[in-house]
Amino acid sequence: MIGRWLGRRTNRAERASPLAAVRTPPTAGVLSCRVLDPVNEPVAHAEFAVSDSMGRKVVSGGTDPFGSFVTTVPAGEYRLAVSAEGYTPYRATAMVGENALASFGDVTLQVARPPEPPASGDWEIEPAHSSIAFTARHIGLARIHGRFNSFAGALRIGDRVEQSAMHVVIDAASIDTNVRMRDDHLRSADFLDVRRFPTLEFYSDRFVHKGGNRWAVTGALSLHGVTRTVTLDTEYLGLGNGVEGEMRAACRATTELRRDDFTVSWQTMLARGIAVVGPSIRVELDVQIVPKG
């Protein structure tokens, strides 16, 4: 009778334990957190990183649709960093014991102030601290990385950033994938045909604020004699000063281009029926601008 009563009591305690449903090694514990916004709504897909006392990343990922994460780690001291678009990053420290739950509880992220925009007026791209790079799929397996080494660009920043405009010109012959034979082929009529179309040009006068430091810059891209509408998913990084004290602004932007949209349709196939070059090109820009003149 007493044995059965003790057994039932033990089972109740196990079911009540916060670790009852989590299998952990003997020397490990569980770390958990729920991420909320200022009105107590969960922040889904917030990014988190857990580092040990030496600063080494142990685990990272994104919160679930309810703003939560649970992870098993060896017992010890850990630092948590949480970030989400439009919010100020959060950091905290916790001790995790063996076979124990260490919870940060509810973490409330505060709305971040957007970085100060560049002053209205004429600016230009500073090529020495900017890059226009691309990535293409090769034979369905590896990725080929390249860049354009010669380009120029001008921006007119409006009194409201939404009223701004930009014009970028890229020297098509400056394409560089670090393999001379391949670069010569990319310059040929099979691809960019630089003799007929010596430049790529992008013009935009549509800047749309997407929240926080995110912008959509939509404009017309002329490539290989064809013009198409393209949107740059842009992250504005803010203002800073160069080594000589000059004002600078910086941003990162990405977009995806389909070769067929610009009639760059060279489709030589392997015996397995796989195109030598993939159908889409990912473009990544890191840009710094300085006041013109």
# chains A, B, ... in the order shown; residues from 1 in each chain; ligands from 1

$ closest_atom_pairs --of "region 67-154 of chain A" --to "region 164-169 of chain A" --cutoff "8 Å" --atoms "only C-alpha atoms" --output "JSON lines"
{"residue": "A:Phe151", "atom": "CA", "partner": "A:Val169", "partner_atom": "CA", "distance": 5.6}
{"residue": "A:Ala152", "atom": "CA", "partner": "A:Val169", "partner_atom": "CA", "distance": 5.5}
{"residue": "A:Gly153", "atom": "CA", "partner": "A:Val168", "partner_atom": "CA", "distance": 4.1}
{"residue": "A:Ala154", "atom": "CA", "partner": "A:His167", "partner_atom": "CA", "distance": 5.5}

$ write_last_selection --atoms "C-alpha atoms" --output "compact mmCIF listing (two decimals), in the first residue's frame"
# COMPACT_ATOMS: atom_id res chain seq x y z
CA PHE A 151 30.64 51.38 -61.72
CA ALA A 152 29.42 54.83 -60.77
CA GLY A 153 26.23 56.14 -59.23
CA ALA A 154 24.52 59.34 -58.16

$ residues_around --residues "Leu221 (chain A)" --least-positions-apart "4" --cutoff "8 Å" --atoms "only C-alpha atoms" --output "compact mmCIF listing (two decimals) with C-alpha atoms, in the first residue's frame"
# COMPACT_ATOMS: atom_id res chain seq x y z
CA LEU A 200 24.12 48.04 -67.30
CA GLU A 201 22.01 50.89 -65.92
CA PHE A 202 19.59 51.18 -63.03
CA TYR A 203 17.33 54.18 -62.44
CA THR A 227 14.69 47.02 -69.54
CA ARG A 228 12.75 45.43 -66.69
CA THR A 229 11.37 46.59 -63.35
CA VAL A 230 13.50 45.42 -60.45

$ select_by_dssp --residues "region 103-258 of chain A" --states "alpha helix (DSSP H)" --output "PyMOL selection string"
chain A and resi 180-187

$ write_last_selection --atoms "all heavy atoms" --output "mmCIF file, in the first residue's frame"
data_model
loop_
_atom_site.group_PDB
_atom_site.id
_atom_site.type_symbol
_atom_site.label_atom_id
_atom_site.label_comp_id
_atom_site.auth_asym_id
_atom_site.auth_seq_id
_atom_site.Cartn_x
_atom_site.Cartn_y
_atom_site.Cartn_z
ATOM 1 N N ARG A 180 39.799 33.898 -66.004
ATOM 2 C CA ARG A 180 39.842 34.710 -67.223
ATOM 3 C C ARG A 180 39.028 34.101 -68.356
ATOM 4 O O ARG A 180 38.257 34.805 -69.032
ATOM 5 C CB ARG A 180 41.292 34.891 -67.672
ATOM 6 C CG ARG A 180 41.421 35.766 -68.906
ATOM 7 C CD ARG A 180 42.868 36.047 -69.224
ATOM 8 N NE ARG A 180 42.974 36.879 -70.425
ATOM 9 C CZ ARG A 180 44.122 37.318 -70.921
ATOM 10 N NH1 ARG A 180 45.256 37.020 -70.305
ATOM 11 N NH2 ARG A 180 44.128 38.048 -72.017
ATOM 12 N N MET A 181 39.146 32.796 -68.584
ATOM 13 C CA MET A 181 38.403 32.161 -69.673
ATOM 14 C C MET A 181 36.901 32.313 -69.468
ATOM 15 O O MET A 181 36.155 32.615 -70.409
ATOM 16 C CB MET A 181 38.789 30.685 -69.784
ATOM 17 C CG MET A 181 38.127 29.968 -70.955
ATOM 18 S SD MET A 181 38.622 28.224 -71.059
ATOM 19 C CE MET A 181 40.384 28.414 -71.398
ATOM 20 N N ARG A 182 36.459 32.111 -68.241
ATOM 21 C CA ARG A 182 35.024 32.246 -67.951
ATOM 22 C C ARG A 182 34.578 33.697 -68.123
ATOM 23 O O ARG A 182 33.504 33.968 -68.677
ATOM 24 C CB ARG A 182 34.732 31.758 -66.527
ATOM 25 C CG ARG A 182 33.260 31.858 -66.153
ATOM 26 C CD ARG A 182 32.977 31.076 -64.888
ATOM 27 N NE ARG A 182 33.755 31.566 -63.767
ATOM 28 C CZ ARG A 182 34.188 30.783 -62.767
ATOM 29 N NH1 ARG A 182 33.940 29.497 -62.782
ATOM 30 N NH2 ARG A 182 34.869 31.301 -61.766
ATOM 31 N N ASP A 183 35.403 34.638 -67.682
ATOM 32 C CA ASP A 183 35.036 36.048 -67.821
ATOM 33 C C ASP A 183 34.928 36.454 -69.286
ATOM 34 O O ASP A 183 34.018 37.208 -69.671
ATOM 35 C CB ASP A 183 36.051 36.930 -67.098
ATOM 36 C CG ASP A 183 36.018 36.729 -65.587
ATOM 37 O OD1 ASP A 183 35.014 36.189 -65.086
ATOM 38 O OD2 ASP A 183 37.006 37.100 -64.921
ATOM 39 N N ASP A 184 35.835 35.951 -70.118
ATOM 40 C CA ASP A 184 35.760 36.246 -71.547
ATOM 41 C C ASP A 184 34.469 35.699 -72.145
ATOM 42 O O ASP A 184 33.846 36.329 -73.010
ATOM 43 C CB ASP A 184 36.969 35.654 -72.278
ATOM 44 C CG ASP A 184 38.254 36.404 -71.983
ATOM 45 O OD1 ASP A 184 38.164 37.560 -71.507
ATOM 46 O OD2 ASP A 184 39.342 35.826 -72.214
ATOM 47 N N HIS A 185 34.053 34.516 -71.665
ATOM 48 C CA HIS A 185 32.800 33.938 -72.157
ATOM 49 C C HIS A 185 31.606 34.775 -71.700
ATOM 50 O O HIS A 185 30.662 35.014 -72.470
ATOM 51 C CB HIS A 185 32.667 32.496 -71.664
ATOM 52 C CG HIS A 185 31.537 31.753 -72.330
ATOM 53 N ND1 HIS A 185 31.015 30.582 -71.810
ATOM 54 C CD2 HIS A 185 30.817 32.014 -73.445
ATOM 55 C CE1 HIS A 185 30.042 30.166 -72.582
ATOM 56 N NE2 HIS A 185 29.902 31.017 -73.584
ATOM 57 N N LEU A 186 31.636 35.254 -70.463
ATOM 58 C CA LEU A 186 30.538 36.084 -69.966
ATOM 59 C C LEU A 186 30.437 37.409 -70.713
ATOM 60 O O LEU A 186 29.348 37.974 -70.846
ATOM 61 C CB LEU A 186 30.722 36.346 -68.466
ATOM 62 C CG LEU A 186 30.552 35.130 -67.550
ATOM 63 C CD1 LEU A 186 30.944 35.476 -66.124
ATOM 64 C CD2 LEU A 186 29.108 34.629 -67.588
ATOM 65 N N ARG A 187 31.553 37.904 -71.237
ATOM 66 C CA ARG A 187 31.531 39.149 -72.005
ATOM 67 C C ARG A 187 31.046 38.934 -73.441
ATOM 68 O O ARG A 187 30.694 39.879 -74.138
ATOM 69 C CB ARG A 187 32.933 39.775 -72.023
ATOM 70 C CG ARG A 187 33.441 40.209 -70.668
ATOM 71 C CD ARG A 187 34.807 40.890 -70.774
ATOM 72 N NE ARG A 187 35.346 41.165 -69.451
ATOM 73 C CZ ARG A 187 36.348 40.494 -68.890
ATOM 74 N NH1 ARG A 187 36.943 39.511 -69.553
ATOM 75 N NH2 ARG A 187 36.760 40.797 -67.665
#

$ residues_around --residues "Cys251 (chain A)" --least-positions-apart "5" --cutoff "6 Å" --atoms "only C-alpha atoms" --output "PyMOL selection string"
chain A and resi 235-237+287

$ write_last_selection --atoms "C-alpha atoms" --output "short mmCIF file (atom, residue, chain, number, x, y, z; two decimals), in the first residue's frame"
data_model
loop_
_atom_site.label_atom_id
_atom_site.label_comp_id
_atom_site.auth_asym_id
_atom_site.auth_seq_id
_atom_site.Cartn_x
_atom_site.Cartn_y
_atom_site.Cartn_z
CA GLU A 235 18.81 47.68 -45.47
CA TYR A 236 19.89 51.19 -44.50
CA LEU A 237 22.88 51.05 -42.12
CA VAL A 287 27.21 50.68 -50.96
#

$ select_by_dssp --residues "region 32-187 of chain A" --states "strand (DSSP E)" --output "PyMOL selection string"
chain A and resi 32-36+47-52+57-62+68-74+76-83+90-96+101-108+121-125+131-138+142-148+151-157+165-171+175-176

$ residues_around --residues "Ala49 (chain A)" --least-positions-apart "5" --cutoff "6 Å" --atoms "only C-alpha atoms" --output "list in words"
Val59, Ser60, Leu80 and Ala81 of chain A

$ closest_residue --among "A:Arg113, A:Lys292, A:His129, A:Arg248" --to "Arg156 (chain A)" --atoms "only C-alpha atoms"
A:Lys292

$ residues_around --residues "Val30 (chain A)" --least-positions-apart "2" --cutoff "8 Å" --atoms "only C-alpha atoms" --output "compact mmCIF listing (two decimals) with N, CA, C and O atoms, in the first residue's frame"
# COMPACT_ATOMS: atom_id res chain seq x y z
N LEU A 19 10.79 19.64 -16.82
CA LEU A 19 11.60 18.86 -17.74
C LEU A 19 11.00 17.50 -18.03
O LEU A 19 11.64 16.65 -18.66
N THR A 24 17.06 15.00 -21.39
CA THR A 24 18.33 15.70 -21.27
C THR A 24 19.42 14.75 -20.79
O THR A 24 19.16 13.88 -19.95
N ALA A 28 23.30 17.99 -18.48
CA ALA A 28 22.71 19.10 -19.24
C ALA A 28 21.48 19.65 -18.56
O ALA A 28 20.89 19.03 -17.68
N SER A 32 15.20 28.39 -21.70
CA SER A 32 14.00 28.78 -22.44
C SER A 32 13.77 30.28 -22.34
O SER A 32 14.33 30.97 -21.47
N VAL A 70 13.11 26.79 -26.80
CA VAL A 70 13.60 25.92 -25.73
C VAL A 70 14.79 25.16 -26.29
O VAL A 70 14.71 24.59 -27.38
N THR A 71 15.90 25.14 -25.56
CA THR A 71 17.09 24.45 -26.05
C THR A 71 17.81 23.75 -24.91
O THR A 71 17.76 24.22 -23.76
N THR A 72 18.43 22.62 -25.20
CA THR A 72 19.20 21.86 -24.22
C THR A 72 20.68 22.19 -24.37
O THR A 72 21.21 22.16 -25.48
N VAL A 73 21.31 22.51 -23.25
CA VAL A 73 22.73 22.88 -23.27
C VAL A 73 23.43 22.22 -22.07
O VAL A 73 22.78 21.90 -21.07
N VAL A 96 22.70 27.66 -16.03
CA VAL A 96 21.92 26.46 -16.30
C VAL A 96 22.48 25.34 -15.45
O VAL A 96 23.68 25.03 -15.53
N ASN A 99 20.05 18.94 -15.19
CA ASN A 99 18.67 18.48 -15.11
C ASN A 99 17.75 19.55 -14.52
O ASN A 99 16.86 19.27 -13.74
N ALA A 100 17.97 20.79 -14.91
CA ALA A 100 17.17 21.90 -14.39
C ALA A 100 16.78 22.83 -15.53
O ALA A 100 17.42 22.86 -16.59
N LEU A 101 15.71 23.57 -15.32
CA LEU A 101 15.24 24.54 -16.29
C LEU A 101 15.67 25.93 -15.88
O LEU A 101 15.40 26.37 -14.76
N ALA A 102 16.36 26.62 -16.77
CA ALA A 102 16.71 28.02 -16.55
C ALA A 102 15.93 28.84 -17.57
O ALA A 102 16.10 28.68 -18.78

$ residues_around --residues "Ser174 (chain A)" --least-positions-apart "6" --cutoff "10 Å" --atoms "only C-alpha atoms" --output "ChimeraX atom specification"
/A:147-151,183,187,194,198-199

$ write_last_selection --atoms "all heavy atoms" --output "PDB file, in the first residue's frame"
ATOM      1  N   ARG A 147      31.766  39.683 -59.501  1.00  0.00           N
ATOM      2  CA  ARG A 147      31.518  41.091 -59.169  1.00  0.00           C
ATOM      3  C   ARG A 147      31.771  41.939 -60.413  1.00  0.00           C
ATOM      4  O   ARG A 147      32.352  41.471 -61.394  1.00  0.00           O
ATOM      5  CB  ARG A 147      32.440  41.548 -58.037  1.00  0.00           C
ATOM      6  CG  ARG A 147      33.925  41.478 -58.378  1.00  0.00           C
ATOM      7  CD  ARG A 147      34.787  41.775 -57.161  1.00  0.00           C
ATOM      8  NE  ARG A 147      36.214  41.728 -57.491  1.00  0.00           N
ATOM      9  CZ  ARG A 147      36.954  40.628 -57.496  1.00  0.00           C
ATOM     10  NH1 ARG A 147      36.393  39.475 -57.187  1.00  0.00           N
ATOM     11  NH2 ARG A 147      38.223  40.688 -57.803  1.00  0.00           N
ATOM     12  N   PHE A 148      31.330  43.174 -60.334  1.00  0.00           N
ATOM     13  CA  PHE A 148      31.672  44.174 -61.338  1.00  0.00           C
ATOM     14  C   PHE A 148      32.644  45.151 -60.693  1.00  0.00           C
ATOM     15  O   PHE A 148      32.364  45.713 -59.627  1.00  0.00           O
ATOM     16  CB  PHE A 148      30.428  44.900 -61.834  1.00  0.00           C
ATOM     17  CG  PHE A 148      29.527  44.043 -62.679  1.00  0.00           C
ATOM     18  CD1 PHE A 148      28.448  43.373 -62.113  1.00  0.00           C
ATOM     19  CD2 PHE A 148      29.770  43.893 -64.035  1.00  0.00           C
ATOM     20  CE1 PHE A 148      27.623  42.579 -62.885  1.00  0.00           C
ATOM     21  CE2 PHE A 148      28.949  43.089 -64.819  1.00  0.00           C
ATOM     22  CZ  PHE A 148      27.866  42.430 -64.248  1.00  0.00           C
ATOM     23  N   ASN A 149      33.773  45.345 -61.342  1.00  0.00           N
ATOM     24  CA  ASN A 149      34.828  46.152 -60.741  1.00  0.00           C
ATOM     25  C   ASN A 149      34.720  47.643 -61.040  1.00  0.00           C
ATOM     26  O   ASN A 149      35.376  48.449 -60.375  1.00  0.00           O
ATOM     27  CB  ASN A 149      36.196  45.654 -61.210  1.00  0.00           C
ATOM     28  CG  ASN A 149      36.527  44.292 -60.634  1.00  0.00           C
ATOM     29  OD1 ASN A 149      36.155  43.978 -59.513  1.00  0.00           O
ATOM     30  ND2 ASN A 149      37.217  43.470 -61.417  1.00  0.00           N
ATOM     31  N   SER A 150      33.916  48.017 -62.047  1.00  0.00           N
ATOM     32  CA  SER A 150      33.836  49.423 -62.439  1.00  0.00           C
ATOM     33  C   SER A 150      32.381  49.857 -62.511  1.00  0.00           C
ATOM     34  O   SER A 150      31.584  49.265 -63.268  1.00  0.00           O
ATOM     35  CB  SER A 150      34.524  49.635 -63.789  1.00  0.00           C
ATOM     36  OG  SER A 150      34.429  50.987 -64.194  1.00  0.00           O
ATOM     37  N   PHE A 151      32.019  50.857 -61.736  1.00  0.00           N
ATOM     38  CA  PHE A 151      30.645  51.377 -61.717  1.00  0.00           C
ATOM     39  C   PHE A 151      30.653  52.774 -61.121  1.00  0.00           C
ATOM     40  O   PHE A 151      31.617  53.194 -60.460  1.00  0.00           O
ATOM     41  CB  PHE A 151      29.716  50.460 -60.917  1.00  0.00           C
ATOM     42  CG  PHE A 151      30.213  50.144 -59.540  1.00  0.00           C
ATOM     43  CD1 PHE A 151      29.928  50.964 -58.454  1.00  0.00           C
ATOM     44  CD2 PHE A 151      30.993  49.008 -59.317  1.00  0.00           C
ATOM     45  CE1 PHE A 151      30.394  50.673 -57.192  1.00  0.00           C
ATOM     46  CE2 PHE A 151      31.469  48.712 -58.052  1.00  0.00           C
ATOM     47  CZ  PHE A 151      31.170  49.539 -56.980  1.00  0.00           C
ATOM     48  N   ASP A 183      35.403  34.638 -67.682  1.00  0.00           N
ATOM     49  CA  ASP A 183      35.036  36.048 -67.821  1.00  0.00           C
ATOM     50  C   ASP A 183      34.928  36.454 -69.286  1.00  0.00           C
ATOM     51  O   ASP A 183      34.018  37.208 -69.671  1.00  0.00           O
ATOM     52  CB  ASP A 183      36.051  36.930 -67.098  1.00  0.00           C
ATOM     53  CG  ASP A 183      36.018  36.729 -65.587  1.00  0.00           C
ATOM     54  OD1 ASP A 183      35.014  36.189 -65.086  1.00  0.00           O
ATOM     55  OD2 ASP A 183      37.006  37.100 -64.921  1.00  0.00           O
ATOM     56  N   ARG A 187      31.553  37.904 -71.237  1.00  0.00           N
ATOM     57  CA  ARG A 187      31.531  39.149 -72.005  1.00  0.00           C
ATOM     58  C   ARG A 187      31.046  38.934 -73.441  1.00  0.00           C
ATOM     59  O   ARG A 187      30.694  39.879 -74.138  1.00  0.00           O
ATOM     60  CB  ARG A 187      32.933  39.775 -72.023  1.00  0.00           C
ATOM     61  CG  ARG A 187      33.441  40.209 -70.668  1.00  0.00           C
ATOM     62  CD  ARG A 187      34.807  40.890 -70.774  1.00  0.00           C
ATOM     63  NE  ARG A 187      35.346  41.165 -69.451  1.00  0.00           N
ATOM     64  CZ  ARG A 187      36.348  40.494 -68.890  1.00  0.00           C
ATOM     65  NH1 ARG A 187      36.943  39.511 -69.553  1.00  0.00           N
ATOM     66  NH2 ARG A 187      36.760  40.797 -67.665  1.00  0.00           N
ATOM     67  N   VAL A 194      29.105  42.503 -74.484  1.00  0.00           N
ATOM     68  CA  VAL A 194      29.532  43.840 -74.073  1.00  0.00           C
ATOM     69  C   VAL A 194      29.846  44.753 -75.253  1.00  0.00           C
ATOM     70  O   VAL A 194      29.818  45.988 -75.108  1.00  0.00           O
ATOM     71  CB  VAL A 194      30.749  43.755 -73.123  1.00  0.00           C
ATOM     72  CG1 VAL A 194      30.396  42.964 -71.874  1.00  0.00           C
ATOM     73  CG2 VAL A 194      31.963  43.168 -73.830  1.00  0.00           C
ATOM     74  N   PRO A 198      27.496  47.908 -73.751  1.00  0.00           N
ATOM     75  CA  PRO A 198      28.667  48.113 -72.878  1.00  0.00           C
ATOM     76  C   PRO A 198      28.341  48.430 -71.425  1.00  0.00           C
ATOM     77  O   PRO A 198      29.228  48.337 -70.579  1.00  0.00           O
ATOM     78  CB  PRO A 198      29.393  49.288 -73.546  1.00  0.00           C
ATOM     79  CG  PRO A 198      28.330  50.007 -74.305  1.00  0.00           C
ATOM     80  CD  PRO A 198      27.368  48.960 -74.777  1.00  0.00           C
ATOM     81  N   THR A 199      27.099  48.804 -71.121  1.00  0.00           N
ATOM     82  CA  THR A 199      26.777  49.172 -69.739  1.00  0.00           C
ATOM     83  C   THR A 199      25.486  48.502 -69.276  1.00  0.00           C
ATOM     84  O   THR A 199      24.628  48.121 -70.084  1.00  0.00           O
ATOM     85  CB  THR A 199      26.612  50.700 -69.577  1.00  0.00           C
ATOM     86  OG1 THR A 199      25.532  51.148 -70.412  1.00  0.00           O
ATOM     87  CG2 THR A 199      27.895  51.429 -69.937  1.00  0.00           C
TER      88      THR A 199
END
